[in-house]
Each structure stands twice: as structure tokens, then as C-alpha cells.
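Raw start.cif, mmCIF, C-alpha atoms and all ligand atoms; chains and numbers go by the auth columns:
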data_my_file
loop_
_atom_site.group_PDB
_atom_site.id
_atom_site.type_symbol
_atom_site.label_atom_id
_atom_site.label_comp_id
_atom_site.label_asym_id
_atom_site.label_seq_id
_atom_site.Cartn_x
_atom_site.Cartn_y
_atom_site.Cartn_z
_atom_site.B_iso_or_equiv
_atom_site.auth_seq_id
_atom_site.auth_asym_id
ATOM 1 C CA MET A 1 175.139 -249.183 -16.808 0.00 250 A
ATOM 2 C CA LYS A 2 178.555 -247.578 -16.623 0.00 251 A
ATOM 3 C CA LEU A 3 177.003 -244.335 -17.727 0.00 252 A
ATOM 4 C CA LEU A 4 174.289 -244.632 -15.090 0.00 253 A
ATOM 5 C CA ILE A 5 176.852 -245.157 -12.364 0.00 254 A
ATOM 6 C CA SER A 6 178.892 -242.164 -13.518 0.00 255 A
ATOM 7 C CA ALA A 7 175.743 -240.068 -13.577 0.00 256 A
ATOM 8 C CA LEU A 8 174.960 -241.172 -10.051 0.00 257 A
ATOM 9 C CA PHE A 9 178.411 -240.253 -8.798 0.00 258 A
ATOM 10 C CA LEU A 10 178.286 -236.979 -10.630 0.00 259 A
ATOM 11 C CA SER A 11 175.004 -236.049 -8.999 0.00 260 A
ATOM 12 C CA ILE A 12 176.355 -236.991 -5.564 0.00 261 A
ATOM 13 C CA PHE A 13 179.341 -234.799 -6.300 0.00 262 A
ATOM 14 C CA VAL A 14 177.201 -231.893 -7.466 0.00 263 A
ATOM 15 C CA PHE A 15 174.479 -231.975 -4.851 0.00 264 A
ATOM 16 C CA GLY A 16 176.318 -233.486 -1.904 0.00 265 A
ATOM 17 C CA ILE A 17 175.266 -236.666 -0.149 0.00 266 A
ATOM 18 C CA ASN A 18 172.091 -235.430 1.493 0.00 267 A
ATOM 19 C CA GLY A 19 171.997 -231.940 0.081 0.00 268 A
ATOM 20 C CA LYS A 20 169.776 -230.657 -2.627 0.00 269 A
ATOM 21 C CA SER A 21 169.953 -227.403 -4.450 0.00 270 A
ATOM 22 C CA TRP A 22 166.712 -225.489 -3.980 0.00 271 A
ATOM 23 C CA ASP A 23 164.809 -223.158 -6.228 0.00 272 A
ATOM 24 C CA SER A 24 161.204 -222.048 -6.452 0.00 273 A
ATOM 25 C CA SER A 25 160.189 -225.209 -8.308 0.00 274 A
ATOM 26 C CA ASN A 26 161.410 -227.766 -5.769 0.00 275 A
ATOM 27 C CA PHE A 27 161.298 -226.008 -2.406 0.00 276 A
ATOM 28 C CA PRO A 28 158.474 -227.423 -0.248 0.00 277 A
ATOM 29 C CA ASN A 29 155.354 -225.308 0.117 0.00 278 A
ATOM 30 C CA PRO A 30 154.373 -224.661 3.761 0.00 279 A
ATOM 31 C CA THR A 31 150.788 -223.844 2.785 0.00 280 A
ATOM 32 C CA LYS A 32 150.326 -227.364 1.395 0.00 281 A
ATOM 33 C CA ARG A 33 149.581 -230.020 3.915 0.00 282 A
ATOM 34 C CA GLY A 34 152.503 -232.347 4.577 0.00 283 A
ATOM 35 C CA GLU A 35 155.172 -230.606 2.477 0.00 284 A
ATOM 36 C CA CYS A 36 156.925 -229.106 5.482 0.00 285 A
ATOM 37 C CA ILE A 37 156.435 -229.041 9.223 0.00 286 A
ATOM 38 C CA VAL A 38 154.055 -226.251 10.252 0.00 287 A
ATOM 39 C CA GLU A 39 153.555 -225.668 13.974 0.00 288 A
ATOM 40 C CA ARG A 40 151.240 -223.152 15.558 0.00 289 A
ATOM 41 C CA HIS A 41 150.306 -221.724 12.152 0.00 290 A
ATOM 42 C CA ALA A 42 153.875 -220.503 11.590 0.00 291 A
ATOM 43 C CA TYR A 43 155.180 -221.094 8.096 0.00 292 A
ATOM 44 C CA LEU A 44 158.748 -221.980 8.957 0.00 293 A
ATOM 45 C CA CYS A 45 159.992 -224.406 6.341 0.00 294 A
ATOM 46 C CA ASP A 46 163.405 -225.908 7.065 0.00 295 A
ATOM 47 C CA PRO A 47 163.718 -229.115 4.997 0.00 296 A
ATOM 48 C CA ASP A 48 167.485 -229.444 5.619 0.00 297 A
ATOM 49 C CA MET A 49 166.862 -229.222 9.384 0.00 298 A
ATOM 50 C CA LEU A 50 169.328 -226.382 9.856 0.00 299 A
ATOM 51 C CA ILE A 51 167.596 -224.761 12.798 0.00 300 A
ATOM 52 C CA SER A 52 167.874 -226.506 16.155 0.00 301 A
ATOM 53 C CA PRO A 53 164.647 -227.683 17.853 0.00 302 A
ATOM 54 C CA ASN A 54 165.011 -225.005 20.513 0.00 303 A
ATOM 55 C CA GLY A 55 165.721 -222.395 17.870 0.00 304 A
ATOM 56 C CA ARG A 56 162.712 -223.571 15.929 0.00 305 A
ATOM 57 C CA ASP A 57 160.456 -222.851 18.910 0.00 306 A
ATOM 58 C CA LYS A 58 161.881 -219.331 19.140 0.00 307 A
ATOM 59 C CA VAL A 59 161.444 -218.609 15.441 0.00 308 A
ATOM 60 C CA VAL A 60 157.868 -219.979 15.494 0.00 309 A
ATOM 61 C CA LYS A 61 157.194 -217.709 18.468 0.00 310 A
ATOM 62 C CA ALA A 62 158.672 -214.715 16.622 0.00 311 A
ATOM 63 C CA LEU A 63 156.380 -215.394 13.642 0.00 312 A
ATOM 64 C CA ASN A 64 153.352 -215.727 15.915 0.00 313 A
ATOM 65 C CA ASP A 65 154.275 -212.543 17.808 0.00 314 A
ATOM 66 C CA LEU A 66 154.705 -210.632 14.577 0.00 315 A
ATOM 67 C CA GLU A 67 151.257 -211.709 13.399 0.00 316 A
ATOM 68 C CA ARG A 68 149.634 -210.797 16.698 0.00 317 A
ATOM 69 C CA ASN A 69 151.450 -207.504 17.202 0.00 318 A
ATOM 70 C CA SER A 70 150.658 -206.281 13.723 0.00 319 A
ATOM 71 C CA ARG A 71 146.909 -206.692 14.171 0.00 320 A
ATOM 72 C CA ASN A 72 144.908 -203.580 14.900 0.00 321 A
ATOM 73 C CA GLN A 73 141.501 -204.302 16.394 0.00 322 A
ATOM 74 C CA SER A 74 140.517 -200.645 16.425 0.00 323 A
ATOM 75 C CA ALA A 75 141.113 -200.187 12.713 0.00 324 A
ATOM 76 C CA SER A 76 138.036 -199.954 10.531 0.00 325 A
ATOM 77 C CA SER A 77 138.912 -201.978 7.450 0.00 326 A
ATOM 78 C CA PHE A 78 139.420 -205.735 7.335 0.00 327 A
ATOM 79 C CA CYS A 79 142.954 -205.396 5.983 0.00 328 A
ATOM 80 C CA ASP A 80 144.009 -202.835 8.584 0.00 329 A
ATOM 81 C CA LYS A 81 142.780 -205.201 11.297 0.00 330 A
ATOM 82 C CA GLN A 82 144.661 -208.140 9.855 0.00 331 A
ATOM 83 C CA GLY A 83 148.089 -209.246 11.132 0.00 332 A
ATOM 84 C CA VAL A 84 151.122 -210.001 8.962 0.00 333 A
ATOM 85 C CA THR A 85 151.434 -213.552 7.639 0.00 334 A
ATOM 86 C CA ALA A 86 155.071 -214.464 7.161 0.00 335 A
ATOM 87 C CA ALA A 87 156.882 -217.483 5.799 0.00 336 A
ATOM 88 C CA ILE A 88 160.522 -218.419 6.217 0.00 337 A
ATOM 89 C CA ALA A 89 162.235 -220.650 3.679 0.00 338 A
ATOM 90 C CA ALA A 90 165.523 -221.918 5.079 0.00 339 A
ATOM 91 C CA GLY A 91 167.748 -224.114 2.954 0.00 340 A
ATOM 92 C CA LYS A 92 171.363 -225.154 2.898 0.00 341 A
ATOM 93 C CA ASP A 93 171.751 -224.190 -0.719 0.00 342 A
ATOM 94 C CA PHE A 94 169.491 -222.211 -3.012 0.00 343 A
ATOM 95 C CA LYS A 95 170.620 -222.020 -6.623 0.00 344 A
ATOM 96 C CA GLY A 96 172.337 -218.909 -7.806 0.00 345 A
ATOM 97 C CA SER A 97 173.604 -215.479 -6.920 0.00 346 A
ATOM 98 C CA GLN A 98 171.957 -212.828 -4.748 0.00 347 A
ATOM 99 C CA LYS A 99 169.906 -211.579 -7.685 0.00 348 A
ATOM 100 C CA GLU A 100 168.601 -215.073 -8.344 0.00 349 A
ATOM 101 C CA LEU A 101 167.781 -215.496 -4.653 0.00 350 A
ATOM 102 C CA ASP A 102 165.702 -212.323 -4.857 0.00 351 A
ATOM 103 C CA ASN A 103 163.860 -213.842 -7.822 0.00 352 A
ATOM 104 C CA ILE A 104 163.303 -217.113 -5.963 0.00 353 A
ATOM 105 C CA ALA A 105 161.879 -215.222 -2.959 0.00 354 A
ATOM 106 C CA SER A 106 159.608 -213.347 -5.332 0.00 355 A
ATOM 107 C CA ASP A 107 158.489 -216.562 -7.057 0.00 356 A
ATOM 108 C CA LEU A 108 157.793 -218.289 -3.731 0.00 357 A
ATOM 109 C CA TYR A 109 155.808 -215.259 -2.625 0.00 358 A
ATOM 110 C CA LYS A 110 153.619 -215.498 -5.720 0.00 359 A
ATOM 111 C CA LYS A 111 153.300 -219.255 -5.496 0.00 360 A
ATOM 112 C CA TRP A 112 152.419 -219.504 -1.816 0.00 361 A
ATOM 113 C CA ARG A 113 149.753 -216.749 -1.832 0.00 362 A
ATOM 114 C CA LEU A 114 149.924 -216.268 1.929 0.00 363 A
ATOM 115 C CA ASP A 115 147.511 -213.359 1.955 0.00 364 A
ATOM 116 C CA ASN A 116 145.809 -212.724 -1.353 0.00 365 A
ATOM 117 C CA GLU A 117 143.235 -210.421 0.080 0.00 366 A
ATOM 118 C CA CYS A 118 145.390 -207.822 1.842 0.00 367 A
ATOM 119 C CA ASP A 119 148.901 -208.469 0.525 0.00 368 A
ATOM 120 C CA LYS A 120 150.005 -208.282 4.142 0.00 369 A
ATOM 121 C CA SER A 121 152.520 -211.062 3.925 0.00 370 A
ATOM 122 C CA PHE A 122 156.143 -211.741 3.151 0.00 371 A
ATOM 123 C CA VAL A 123 158.563 -214.537 2.360 0.00 372 A
ATOM 124 C CA LEU A 124 162.025 -214.476 3.836 0.00 373 A
ATOM 125 C CA LEU A 125 164.555 -216.798 2.308 0.00 374 A
ATOM 126 C CA ARG A 126 167.763 -217.848 3.966 0.00 375 A
ATOM 127 C CA SER A 127 170.364 -219.774 1.991 0.00 376 A
ATOM 128 C CA GLY A 128 173.384 -221.324 3.625 0.00 377 A
ATOM 129 C CA THR A 129 174.642 -222.403 7.000 0.00 378 A
ATOM 130 C CA SER A 130 175.469 -220.039 9.848 0.00 379 A
ATOM 131 C CA SER A 131 178.632 -218.405 8.544 0.00 380 A
ATOM 132 C CA ASP A 132 177.823 -217.962 4.874 0.00 381 A
ATOM 133 C CA ALA A 133 174.083 -217.311 4.827 0.00 382 A
ATOM 134 C CA LYS A 134 172.458 -215.103 2.210 0.00 383 A
ATOM 135 C CA TYR A 135 169.008 -213.566 2.546 0.00 384 A
ATOM 136 C CA ALA A 136 166.254 -212.445 0.254 0.00 385 A
ATOM 137 C CA VAL A 137 162.842 -210.976 1.043 0.00 386 A
ATOM 138 C CA GLU A 138 159.691 -210.413 -0.952 0.00 387 A
ATOM 139 C CA ALA A 139 156.936 -208.501 0.790 0.00 388 A
ATOM 140 C CA GLY A 140 153.437 -207.396 -0.088 0.00 389 A
ATOM 141 C CA LYS A 141 152.237 -203.808 -0.170 0.00 390 A
ATOM 142 C CA GLY A 142 150.241 -204.246 3.040 0.00 391 A
ATOM 143 C CA VAL A 143 153.236 -205.080 5.229 0.00 392 A
ATOM 144 C CA PRO A 144 154.055 -202.170 7.547 0.00 393 A
ATOM 145 C CA MET A 145 157.799 -202.868 7.390 0.00 394 A
ATOM 146 C CA THR A 146 160.403 -202.484 4.650 0.00 395 A
ATOM 147 C CA LYS A 147 162.216 -205.482 3.201 0.00 396 A
ATOM 148 C CA GLN A 148 165.378 -204.247 4.927 0.00 397 A
ATOM 149 C CA GLU A 149 163.633 -204.114 8.301 0.00 398 A
ATOM 150 C CA ILE A 150 162.230 -207.614 7.823 0.00 399 A
ATOM 151 C CA GLN A 151 165.621 -208.974 6.864 0.00 400 A
ATOM 152 C CA LYS A 152 167.360 -207.291 9.772 0.00 401 A
ATOM 153 C CA LEU A 153 164.836 -208.589 12.293 0.00 402 A
ATOM 154 C CA PHE A 154 164.899 -212.203 11.123 0.00 403 A
ATOM 155 C CA LYS A 155 168.618 -212.267 10.424 0.00 404 A
ATOM 156 C CA LYS A 156 169.132 -211.492 14.081 0.00 405 A
ATOM 157 C CA ILE A 157 166.641 -214.117 15.245 0.00 406 A
ATOM 158 C CA LEU A 158 167.797 -216.836 12.868 0.00 407 A
ATOM 159 C CA SER A 159 171.532 -216.327 13.349 0.00 408 A
ATOM 160 C CA GLU A 160 171.056 -216.872 17.024 0.00 409 A
ATOM 161 C CA TYR A 161 169.402 -220.254 16.629 0.00 410 A
ATOM 162 C CA TYR A 162 171.178 -221.900 13.750 0.00 411 A
ATOM 163 C CA GLY A 163 172.609 -225.245 14.734 0.00 412 A
ATOM 164 C CA LYS A 164 172.332 -224.612 18.458 0.00 413 A
ATOM 165 C CA THR A 165 170.221 -226.654 20.822 0.00 414 A
HETATM 166 C C1 LIG B . 144.885 -198.652 14.676 0.00 1 B
HETATM 167 O O1 LIG B . 143.836 -198.093 13.945 0.00 1 B
HETATM 168 C C2 LIG B . 143.395 -196.842 14.423 0.00 1 B
HETATM 169 C C3 LIG B . 142.143 -196.426 13.635 0.00 1 B
HETATM 170 O O2 LIG B . 142.422 -196.389 12.251 0.00 1 B
HETATM 171 C C4 LIG B . 144.518 -195.825 14.335 0.00 1 B
HETATM 172 O O3 LIG B . 144.104 -194.580 14.842 0.00 1 B
HETATM 173 C C5 LIG B . 145.710 -196.338 15.122 0.00 1 B
HETATM 174 O O4 LIG B . 146.808 -195.482 14.958 0.00 1 B
HETATM 175 C C6 LIG B . 146.090 -197.726 14.665 0.00 1 B
HETATM 176 N N1 LIG B . 147.126 -198.245 15.539 0.00 1 B
HETATM 177 C C7 LIG B . 148.282 -198.731 15.082 0.00 1 B
HETATM 178 C C8 LIG B . 149.215 -199.250 16.111 0.00 1 B
HETATM 179 O O5 LIG B . 148.552 -198.752 13.903 0.00 1 B
#
Entire entry expressed as C-alpha cells:
Amino acid sequence: MKLLISALFLSIFVFGINGKSWDSSNFPNPTKRGECIVERHAYLCDPDMLISPNGRDKVVKALNDLERNSRNQSASSFCDKQGVTAAIAAGKDFKGSQKELDNIASDLYKKWRLDNECDKSFVLLRSGTSSDAKYAVEAGKGVPMTKQEIQKLFKKILSEYYGKT
């Protein structure tokens, strides 16, 4: 019993009272019904509720705009016509260094299979609260943007709406 109580206190100490350390095995999957909130087909998964409700609307809109603006109706092939499907994984604390975050983004990308057919999808991960956030991106071959461009775009959008109403 004593041991159990110490273990409990230790885990509270390690993970924080309501915090949880995320990795690719425990982060909720936005493509699975009920694992995270998905509005207007935008895969914005924010289980620690870091983004304000107003900010959330803006980020959802940015994801929808990106999908719409990257479609090309006059293209001939199915994949050229298709828009970009993006997912954002925002968490207070993902396990590990930058290199490990890159691996987690890559694992989530493989796991979530946002666009198996055209590879026109990416996962952007954000770890941390406003001042100390780290980013990682994994993108498919079909995405007409570089990882750096994706990160820059969403860093700007997300930084603006973290914790503000
Ligand atoms: C859309 O597809 C057409 C036909 O392939 C191409 O000529 C045009 O440049 C494309 N537009 C954009 C914005 O990529």
C-alpha cells in the first residue's frame, strides 16, 4: 500500500496533475471517431485544450482553406485535383528532444494514413505552451509545400491563438 501511494505521488510528480506526456502510442487519433474533437473535417487534435475556442475556429478555418486552395479542378489526374489533408497534433508535452519529435510526427503520419492514395497530406506537431513550443512536420510526397513552409505557416497561425480567447 505504501509502495502504491509512493508510486502514485511519483507519477503525479513526473506527469503533472492533469498533464500527460505524449508520444505516437498514446496521442489521440483524429481519424478515429471520438478520440479527439473534429469540426468541419479539420483534423485539429488538442487534447490538453491549449488553443482558445476562438483560436480553434481560426485554425480549423486555416486547415479548410488550405484543403480548398490546394485543389486544382482543371488538373487531369485524381491526385492533382485533390486538396491537401492536414492534421495538427498539439500537446503540452511530447516526450523527447527535437529528433524524437520528428520521429513522433513521422509515426503519427504513418499511423493516421490521412491520404493513402495521393500522399498529399501532412502532420504538424506542436509540443509545449506558447513560449517554449517545439514543432515537427512529416509530409507526403504529394504536398506542394516543403516541411519548412508548412511549419512557418502554422507556427504563425498557432502562436497567434494559443491561450487567447
Ligand atoms: C492546374 O492544373 C493545370 C492542368 O494540369 C495546370 O496547367 C495549372 O497550372 C494547375 N494550376 C495550379 C494552380 O497548380
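Comparing the minimum interatomic distances between ligand LIG 1 (chain B) and each of A:Asp368, A:Thr378, A:Val392, A:Asn303, counting all atoms listed in the file, we find that A:Val392 sits nearest.
Among A:Pro393, A:Leu350, A:Ser270, A:Ser380, the residue with the shortest atom-to-atom distance to ligand LIG 1 (chain B), counting all atoms listed in the file, is A:Pro393.
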Would you name the residues within 7 Å of ligand LIG 1 (chain B), counting all atoms listed in the file, and put them as number ranges by chain? A: 321-325
Based on the selection just made, write C-alpha atoms of those residues as a PDB file, keeping the file's coordinate frame.
ATOM      1  CA  ASN A 321     144.908-203.580  14.900  1.00  0.00           C
ATOM      2  CA  GLN A 322     141.501-204.302  16.394  1.00  0.00           C
ATOM      3  CA  SER A 323     140.517-200.645  16.425  1.00  0.00           C
ATOM      4  CA  ALA A 324     141.113-200.187  12.713  1.00  0.00           C
ATOM      5  CA  SER A 325     138.036-199.954  10.531  1.00  0.00           C
TER       6      SER A 325
END
Quick one: residues within 9 Å of Ser408 in chain A, all atoms listed in the file counted, chain neighbours fewer than 4 positions away excluded, as a PDB file with C-alpha atoms, in the frame of the given file?
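Produced file selection-v9.pdb, reproduced below:
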ATOM      1  CA  SER A 379     175.469-220.039   9.848  1.00  0.00           C
ATOM      2  CA  SER A 380     178.632-218.405   8.544  1.00  0.00           C
ATOM      3  CA  ALA A 382     174.083-217.311   4.827  1.00  0.00           C
ATOM      4  CA  PHE A 403     164.899-212.203  11.123  1.00  0.00           C
ATOM      5  CA  LYS A 404     168.618-212.267  10.424  1.00  0.00           C
TER       6      LYS A 404
END
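The shortest atom-to-atom distance to Ser273 in chain A, with only C-alpha atoms taken into account, belongs to A:Ile353 out of A:Ile353, A:Ile406, A:Val386, A:Leu363.
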With the file shown as input, list the residues that the PyMOL selection byres (((chain A and resi 367) around 9) and not hetatm) selects, as a ChimeraX atom specification. /A:327-329,331,364-366,368-370,389-392
Once the PyMOL selection byres (((chain A and resi 410) around 9) and not hetatm) has been evaluated on this model, what residues remain selected, and can you format them as a list of chain:residue names? A:Ile300, A:Ser301, A:Pro302, A:Asn303, A:Gly304, A:Arg305, A:Lys307, A:Val308, A:Ile406, A:Leu407, A:Ser408, A:Glu409, A:Tyr411, A:Gly412, A:Lys413, A:Thr414
Go ahead and save the picked residues with C-alpha atoms, as a short mmCIF file (atom, residue, chain, number, x, y, z; two decimals), keeping the file's coordinate frame.
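Output (selection_0.cif):
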data_model
loop_
_atom_site.label_atom_id
_atom_site.label_comp_id
_atom_site.auth_asym_id
_atom_site.auth_seq_id
_atom_site.Cartn_x
_atom_site.Cartn_y
_atom_site.Cartn_z
CA ILE A 300 167.60 -224.76 12.80
CA SER A 301 167.87 -226.51 16.16
CA PRO A 302 164.65 -227.68 17.85
CA ASN A 303 165.01 -225.00 20.51
CA GLY A 304 165.72 -222.40 17.87
CA ARG A 305 162.71 -223.57 15.93
CA LYS A 307 161.88 -219.33 19.14
CA VAL A 308 161.44 -218.61 15.44
CA ILE A 406 166.64 -214.12 15.24
CA LEU A 407 167.80 -216.84 12.87
CA SER A 408 171.53 -216.33 13.35
CA GLU A 409 171.06 -216.87 17.02
CA TYR A 411 171.18 -221.90 13.75
CA GLY A 412 172.61 -225.24 14.73
CA LYS A 413 172.33 -224.61 18.46
CA THR A 414 170.22 -226.65 20.82
#
Hey, which of A:Leu315, A:Leu299, A:Asn352, A:Ser376 ends up closest to Leu402 in chain A? Count only C-alpha atoms. A:Leu315
Proximity to Pro277 in chain A - best of A:Leu357, A:Asn318, A:Arg362, A:Lys401, only C-alpha atoms: A:Leu357
Using all atoms of range 319-331 of chain A listed in the file and a margin of 8 Å per side, can you give the axis-aligned box centre and edge lengths in Å to one decimal, as JSON?
{"center_x": 144.3, "center_y": -204.0, "center_z": 11.2, "size_x": 28.6, "size_y": 24.2, "size_z": 26.4}
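Put simply, CA of Lys405 in chain A is 11.7 Å away from CA of Tyr384 in chain A.
Minimum atom-to-atom distances from A:Lys383, A:Tyr358, A:Ser326, A:Glu288 to Lys344 in chain A were compared using only C-alpha atoms, and the lowest value belongs to A:Lys383.
Between CA of Met394 in chain A and CA of Pro279 in chain A the interatomic distance comes to 22.4 Å.
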So that I can see what lies close to Asp314 in chain A, please list as number ranges by chain the residues with an atom at most 12 Å from it, counting all atoms listed in the file and leaving out residues fewer than 2 positions away in the same chain. A: 289-291, 307-312, 316-320, 332-335
Selection from above, C-alpha atoms, as a compact mmCIF listing (two decimals), in the frame of the given file, can you write it?
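Everything below was put into out02.txt:
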# COMPACT_ATOMS: atom_id res chain seq x y z
CA ARG A 289 151.24 -223.15 15.56
CA HIS A 290 150.31 -221.72 12.15
CA ALA A 291 153.88 -220.50 11.59
CA LYS A 307 161.88 -219.33 19.14
CA VAL A 308 161.44 -218.61 15.44
CA VAL A 309 157.87 -219.98 15.49
CA LYS A 310 157.19 -217.71 18.47
CA ALA A 311 158.67 -214.72 16.62
CA LEU A 312 156.38 -215.39 13.64
CA GLU A 316 151.26 -211.71 13.40
CA ARG A 317 149.63 -210.80 16.70
CA ASN A 318 151.45 -207.50 17.20
CA SER A 319 150.66 -206.28 13.72
CA ARG A 320 146.91 -206.69 14.17
CA GLY A 332 148.09 -209.25 11.13
CA VAL A 333 151.12 -210.00 8.96
CA THR A 334 151.43 -213.55 7.64
CA ALA A 335 155.07 -214.46 7.16
Computed interatomic separation between CA of Trp361 in chain A and CA of Thr280 in chain A (Å): 6.5 Å
Once the PyMOL selection byres (((chain A and resi 336-340) around 6) and not hetatm) is applied to the coordinates I shared, what remains selected? I want it as a ChimeraX atom specification. /A:292-295,297,335,341-342,372-376
